[in-house]
Amino acid sequence: MRIGVLTAGGDCPGLNAVIRSVVHRAVAQYGDEVIGFEDGFAGLLEGRYRPLDLNAVSGILARGGTILGSSRLERNRLTEACENVADMAVEFGIDALIPIGGEGTLTAARMLGDSGLPVVGVPKTIDNDISATDRTFGFDTAVGVATEAMDRLKTTAESHQRVMVVEVMGRHAGWIALESGMAGGAHGICLPERPFDPASLVAMVEERFARGKKFAVICVAEGAHPAEGSMDYLKGEIDKFGHERFQGIGTALAYELERRLGKEAKPVILGHVQRGGTPTAYDRVLANRFGWHAVEAAHRGEFGMMTALRGTEIVMAPLADAVSELKTVPKDRMDEAESVF
Ligand code: F6P
C-alpha cells in the first residue's frame with residue numbers, strides 16, 4: 001500500500017509523533033510505502049512530497065512543530081483539489097491519505113473523501129474543540145504551558161501587588177482557559193462560552209485585597225467577551241484611539257480593571273508559546289495511538305473516518321461527525337471550575 005500523510009492548519013505539539021507512528025506501523029509492520037506532502041494541502045496540490053522511511057522519522061518523537069510543514073488551505077484551492085481528486089490519486093499512486101489537522105483540515109478531508117479520495121483523518125488542535133473525540137493531542141501541552149505561566153506570574157504579581165490578566169488561546173472554545181485556569185488556580189476565568197462581567201472581577205479582586213491577599217490572576221480565553229454594556233467606557237476609548245491600542249481581550253480587560261480598581265493590572269498574552277516546543281508524555285502517547293490506528297483503518301479500507309479517543313479506547317468516527325459542530329465547554333464544567341466567571 002502507498003500512504004500519503006500531511007499536516008495542515010495551525011501546528012501543535014505531537015504532530016511529529018503521529019507522522020513517526022504512521023511510518024513505523026506502515027513501513028515496519030506492513031511493508032508499505034509512505035510519502036509526506038509538504039506544507040499541508042499545498043504540497044498535495046503542487047505535487048511537493050518526499051518519501052518517509054524509518055530514518056526520515058528518527059528522533060522526531062519529542063520535537064514540536066511538524067517536519068512536513070503546514071499551511072491553511074484557501075477555499076478556492078480546496079474546490080480545485082476536489083475536482084482533481086481522481087487525477088491526484090493516480091499521479092501520486094496513493095491508496096490512502098492521512099491528513100492530520102483541526103476542524104478546517106478535517107472539513108477539507110471530508111470534502112476530498114466525498115469526492116473519492118480514500119482519506120483517514122487524524123484530529124489535532126491545542127483547542128480540544130473537535131467533536132467526536134474526547135481529547136486532541138496538543139491540548140495537554142498547551143494547558144501545561146499556560147499553567148506554568150500562571151504559577152510563575154503569581155510570584156511576581158504578589159511581589160508587586162498586581163493583577164495579572166493572562167490571555168490564552170481559544171477563539172470559540174474555552175477549554176485551555178478552563179483547565180489551565182483551574183490547574184493554575186486563577187481567581188477568575190473568562191470563556192467564550194459565557195460573557196463575563198468586569199464588575200464581578202473587580203469585586204473578586206477587592207475582596208481578596210480586603211482579606212490581605214495582595215494579588216490576583218485572571219485567565220481569559222482570547223475569544224472571551226464582556227457582557228453587553230459592561231465595558232462601555234472601554235468601547236468609547238477604542239472608538240477614540242482605535243483597536244491597535246487594545247490588542248486582544250486580555251489587554252482590554254487589564255486596562256478596564258486598572259481603571260476601575262485603581263491598582264496595577266498587567267496583560268500577559270501567551271500566544272503561540274502554547275503551541276511551541278516538546279509535547280507532554282500524554283500528548284505523545286495519544287499521537288502515537290492515533291497514528292497506529294489510522295494505518296490500521298487504511299488497511300481495513302475504512303475511509304471517510306477519523307481516529308478518536310472515547311474514554312481510554314481509540315475508535316473510528318465518521319469525519320462528518322467531527323466537523324458538524326465545535327465542542328465547546330458545557331455549563332457543568334464551568335460550574336466545577338467557578339471562582340469568578
Ligand atoms: O486552532 C489553534 C489556534 O492556536 C487557536 O487557538 C488560535 O486562535 C489560532 O490557532 C491562531 O492561529 P494562527 O497560528 O494562524 O495565528
# chains A, B, ... in the order shown; residues from 1 in each chain; ligands from 1
>>> residues_around(residues="Pro279 (chain A)", least_positions_apart="2", cutoff="6 Å", atoms="only C-alpha atoms", output="ChimeraX atom specification")
/A:13-14,141,283
>>> residues_near_ligand(ligand="ligand 1", cutoff="9 Å", atoms="only C-alpha atoms and all ligand atoms", output="MDAnalysis selection string")
chainID A and resid 9:12 71:72 102:103 124:129 168:173 176 222:223 271:272 274:275
>>> atom_distance(atom1="CA of Ala317 (chain A)", atom2="CA of Ile100 (chain A)")
14.4 Å
>>> select_by_dssp(residues="region 239-328 of chain A", states="strand (DSSP E)", output="PyMOL selection string")
chain A and resi 265-269+305-310+313-318
>>> closest_residue(among="A:Met111, A:Leu15, A:Ala42, A:Val268", to="Cys82 (chain A)", atoms="only C-alpha atoms")
A:Met111
>>> closest_residue(among="A:Leu61, A:Leu270, A:Met316, A:Ile249", to="Ala297 (chain A)", atoms="only C-alpha atoms")
A:Met316
>>> closest_residue(among="A:Val23, A:Ile314, A:Leu68, A:Ala177", to="Asn55 (chain A)", atoms="only C-alpha atoms")
A:Val23
>>> atom_distance(atom1="CA of Asn76 (chain A)", atom2="CA of Ile3 (chain A)")
25.3 Å
>>> atom_distance(atom1="CA of Lys154 (chain A)", atom2="CA of Gly250 (chain A)")
16.5 Å
>>> closest_residue(among="A:Gly65, A:Pro192, A:Gly31, A:Pro118", to="Arg300 (chain A)", atoms="only C-alpha atoms")
A:Pro118
>>> select_by_dssp(residues="region 119-337 of chain A", states="alpha helix (DSSP H)", output="short mmCIF file (atom, residue, chain, number, x, y, z; two decimals) with C-alpha atoms, in the first residue's frame")
data_model
loop_
_atom_site.label_atom_id
_atom_site.label_comp_id
_atom_site.auth_asym_id
_atom_site.auth_seq_id
_atom_site.Cartn_x
_atom_site.Cartn_y
_atom_site.Cartn_z
CA PHE A 139 -4.14 20.29 24.35
CA ASP A 140 -2.34 18.79 27.33
CA THR A 141 0.88 20.55 26.33
CA ALA A 142 -0.86 23.90 25.90
CA VAL A 143 -2.60 23.58 29.27
CA GLY A 144 0.75 22.75 30.86
CA VAL A 145 2.42 25.81 29.37
CA ALA A 146 -0.41 28.12 30.48
CA THR A 147 -0.49 26.57 33.95
CA GLU A 148 3.24 27.06 34.43
CA ALA A 149 2.87 30.66 33.25
CA MET A 150 0.23 31.31 35.90
CA ASP A 151 2.34 29.67 38.62
CA ARG A 152 5.19 31.98 37.66
CA LEU A 153 3.04 35.08 37.32
CA LYS A 154 1.64 34.63 40.82
CA THR A 155 5.02 35.14 42.48
CA THR A 156 5.83 38.31 40.58
CA ALA A 157 2.24 39.58 40.94
CA GLU A 158 2.43 39.15 44.70
CA SER A 159 5.76 40.97 44.95
CA HIS A 160 4.25 43.99 43.20
CA TRP A 175 -11.02 24.52 27.11
CA ILE A 176 -7.48 25.83 27.56
CA ALA A 177 -8.68 28.71 29.75
CA LEU A 178 -10.91 26.38 31.76
CA GLU A 179 -8.30 23.73 32.51
CA SER A 180 -5.23 25.93 32.84
CA GLY A 181 -7.24 28.39 34.91
CA MET A 182 -8.29 25.52 37.18
CA ALA A 183 -4.81 23.98 37.37
CA PRO A 198 -15.97 43.03 34.71
CA ALA A 199 -17.83 44.18 37.85
CA SER A 200 -17.64 40.60 39.25
CA LEU A 201 -13.91 40.50 38.59
CA VAL A 202 -13.48 43.86 40.33
CA ALA A 203 -15.47 42.62 43.33
CA MET A 204 -13.35 39.45 43.47
CA VAL A 205 -10.07 41.41 43.46
CA GLU A 206 -11.34 43.84 46.09
CA GLU A 207 -12.48 41.01 48.32
CA ARG A 208 -9.04 39.36 48.04
CA PHE A 209 -7.18 42.56 48.91
CA ALA A 210 -9.61 43.22 51.79
CA ASP A 232 -18.84 50.84 27.63
CA TYR A 233 -16.07 53.12 28.87
CA LEU A 234 -13.54 50.94 27.06
CA LYS A 235 -15.71 50.88 23.96
CA GLY A 236 -15.55 54.70 23.98
CA GLU A 237 -11.74 54.56 24.34
CA ILE A 238 -11.49 52.15 21.41
CA ASP A 239 -13.64 54.46 19.31
CA LYS A 240 -11.33 57.32 20.31
CA PHE A 241 -7.90 55.66 19.96
CA GLY A 248 -6.96 41.44 22.24
CA ILE A 249 -9.34 40.98 25.13
CA GLY A 250 -6.52 40.41 27.66
CA THR A 251 -5.13 43.89 27.12
CA ALA A 252 -8.57 45.47 27.05
CA LEU A 253 -9.62 43.75 30.27
CA ALA A 254 -6.41 44.69 32.09
CA TYR A 255 -6.97 48.30 31.08
CA GLU A 256 -10.56 48.18 32.30
CA LEU A 257 -9.63 46.56 35.64
CA GLU A 258 -6.81 49.01 36.29
CA ARG A 259 -9.16 51.90 35.72
CA ARG A 260 -11.88 50.50 37.97
CA LEU A 261 -9.64 49.19 40.74
CA ALA A 281 4.06 12.45 27.59
CA TYR A 282 0.25 12.35 27.41
CA ASP A 283 0.21 14.06 24.01
CA ARG A 284 2.99 11.82 22.67
CA VAL A 285 1.08 8.71 23.67
CA LEU A 286 -2.21 9.92 22.20
CA ALA A 287 -0.46 10.99 18.97
CA ASN A 288 1.25 7.59 18.72
CA ARG A 289 -2.03 5.77 19.18
CA PHE A 290 -3.82 7.92 16.59
CA GLY A 291 -1.07 7.24 14.03
CA TRP A 292 -1.18 3.49 14.67
CA HIS A 293 -4.97 3.32 14.37
CA ALA A 294 -5.04 5.49 11.23
CA VAL A 295 -2.81 2.96 9.44
CA GLU A 296 -4.96 0.09 10.68
CA ALA A 297 -8.10 1.83 9.37
CA ALA A 298 -6.43 2.39 5.98
CA HIS A 299 -5.64 -1.32 5.77
CA ARG A 300 -9.21 -2.21 6.65
CA LEU A 319 -15.46 12.71 9.59
CA ALA A 320 -18.96 14.13 9.20
CA ASP A 321 -19.49 13.90 13.00
CA ALA A 322 -16.17 15.55 13.71
CA LYS A 331 -22.16 24.57 31.75
CA ASP A 332 -21.40 21.85 34.31
CA ARG A 333 -17.67 22.08 33.54
CA MET A 334 -17.83 25.85 34.05
CA ASP A 335 -19.66 25.39 37.34
CA GLU A 336 -16.99 22.98 38.59
CA ALA A 337 -14.20 25.46 37.88
#
>>> closest_residue(among="A:Arg75, A:Gly301, A:Val273, A:Glu338", to="Ala186 (chain A)", atoms="only C-alpha atoms")
A:Glu338
>>> residues_around(residues="region 162-166 of chain A", least_positions_apart="5", cutoff="7 Å", atoms="only C-alpha atoms", output="PyMOL selection string")
chain A and resi 157+215-220+250+254+263-269
>>> write_last_selection(atoms="C-alpha atoms", output="short mmCIF file (atom, residue, chain, number, x, y, z; two decimals), in the first residue's frame")
data_model
loop_
_atom_site.label_atom_id
_atom_site.label_comp_id
_atom_site.auth_asym_id
_atom_site.auth_seq_id
_atom_site.Cartn_x
_atom_site.Cartn_y
_atom_site.Cartn_z
CA ALA A 157 2.24 39.58 40.94
CA PHE A 215 -2.53 39.92 44.03
CA ALA A 216 -4.91 38.19 41.64
CA VAL A 217 -4.59 36.21 38.44
CA ILE A 218 -7.35 36.17 35.85
CA CYS A 219 -7.26 33.71 32.96
CA VAL A 220 -9.06 34.88 29.85
CA GLY A 250 -6.52 40.41 27.66
CA ALA A 254 -6.41 44.69 32.09
CA LYS A 263 -4.43 49.11 41.04
CA GLU A 264 -1.90 47.97 38.50
CA ALA A 265 -3.25 45.31 36.14
CA LYS A 266 -0.89 43.78 33.57
CA PRO A 267 -1.91 41.84 30.48
CA VAL A 268 0.17 38.78 29.55
CA ILE A 269 -0.60 37.33 26.12
#
>>> closest_residue(among="A:Gly276, A:Pro226, A:Gly138, A:Gly101", to="Thr7 (chain A)", atoms="only C-alpha atoms")
A:Gly101
>>> residues_around(residues="Gly36 (chain A)", least_positions_apart="6", cutoff="9 Å", atoms="only C-alpha atoms", output="VMD selection string")
chain A and resid 3 to 7 19 43 48 to 52 68
>>> decode(residues="region 228-246 of chain A", atoms="N, CA and C atoms", output="mmCIF file, in the first residue's frame")
data_model
loop_
_atom_site.group_PDB
_atom_site.id
_atom_site.type_symbol
_atom_site.label_atom_id
_atom_site.label_comp_id
_atom_site.auth_asym_id
_atom_site.auth_seq_id
_atom_site.Cartn_x
_atom_site.Cartn_y
_atom_site.Cartn_z
ATOM 1 N N GLU A 228 -22.923 42.414 27.397
ATOM 2 C CA GLU A 228 -23.405 43.603 26.699
ATOM 3 C C GLU A 228 -23.450 44.810 27.642
ATOM 4 N N GLY A 229 -22.829 45.901 27.249
ATOM 5 C CA GLY A 229 -22.910 47.143 28.010
ATOM 6 C C GLY A 229 -22.008 47.204 29.233
ATOM 7 N N SER A 230 -21.228 46.131 29.520
ATOM 8 C CA SER A 230 -20.462 46.129 30.766
ATOM 9 C C SER A 230 -19.099 46.798 30.643
ATOM 10 N N MET A 231 -18.661 47.077 29.423
ATOM 11 C CA MET A 231 -17.372 47.753 29.252
ATOM 12 C C MET A 231 -17.517 48.940 28.299
ATOM 13 N N ASP A 232 -18.556 49.733 28.548
ATOM 14 C CA ASP A 232 -18.844 50.839 27.634
ATOM 15 C C ASP A 232 -17.763 51.904 27.631
ATOM 16 N N TYR A 233 -17.131 52.113 28.819
ATOM 17 C CA TYR A 233 -16.067 53.120 28.867
ATOM 18 C C TYR A 233 -14.962 52.719 27.880
ATOM 19 N N LEU A 234 -14.597 51.433 27.938
ATOM 20 C CA LEU A 234 -13.537 50.936 27.057
ATOM 21 C C LEU A 234 -13.945 51.073 25.592
ATOM 22 N N LYS A 235 -15.203 50.777 25.332
ATOM 23 C CA LYS A 235 -15.706 50.883 23.957
ATOM 24 C C LYS A 235 -15.480 52.317 23.455
ATOM 25 N N GLY A 236 -15.763 53.293 24.331
ATOM 26 C CA GLY A 236 -15.549 54.697 23.976
ATOM 27 C C GLY A 236 -14.075 54.969 23.686
ATOM 28 N N GLU A 237 -13.195 54.367 24.527
ATOM 29 C CA GLU A 237 -11.745 54.558 24.342
ATOM 30 C C GLU A 237 -11.296 53.961 23.005
ATOM 31 N N ILE A 238 -11.859 52.796 22.679
ATOM 32 C CA ILE A 238 -11.488 52.151 21.407
ATOM 33 C C ILE A 238 -11.943 53.033 20.245
ATOM 34 N N ASP A 239 -13.158 53.569 20.376
ATOM 35 C CA ASP A 239 -13.643 54.463 19.313
ATOM 36 C C ASP A 239 -12.706 55.653 19.167
ATOM 37 N N LYS A 240 -12.191 56.127 20.329
ATOM 38 C CA LYS A 240 -11.331 57.325 20.313
ATOM 39 C C LYS A 240 -9.927 57.002 19.767
ATOM 40 N N PHE A 241 -9.310 55.918 20.279
ATOM 41 C CA PHE A 241 -7.895 55.659 19.958
ATOM 42 C C PHE A 241 -7.671 54.554 18.928
ATOM 43 N N GLY A 242 -8.722 53.815 18.619
ATOM 44 C CA GLY A 242 -8.564 52.703 17.668
ATOM 45 C C GLY A 242 -8.222 51.408 18.376
ATOM 46 N N HIS A 243 -8.427 50.304 17.682
ATOM 47 C CA HIS A 243 -8.244 48.966 18.237
ATOM 48 C C HIS A 243 -6.800 48.642 18.562
ATOM 49 N N GLU A 244 -5.857 49.268 17.803
ATOM 50 C CA GLU A 244 -4.438 48.930 17.968
ATOM 51 C C GLU A 244 -3.997 49.087 19.421
ATOM 52 N N ARG A 245 -4.598 50.061 20.105
ATOM 53 C CA ARG A 245 -4.178 50.331 21.481
ATOM 54 C C ARG A 245 -4.588 49.200 22.432
ATOM 55 N N PHE A 246 -5.613 48.457 22.064
ATOM 56 C CA PHE A 246 -6.123 47.405 22.959
ATOM 57 C C PHE A 246 -6.137 46.081 22.233
#
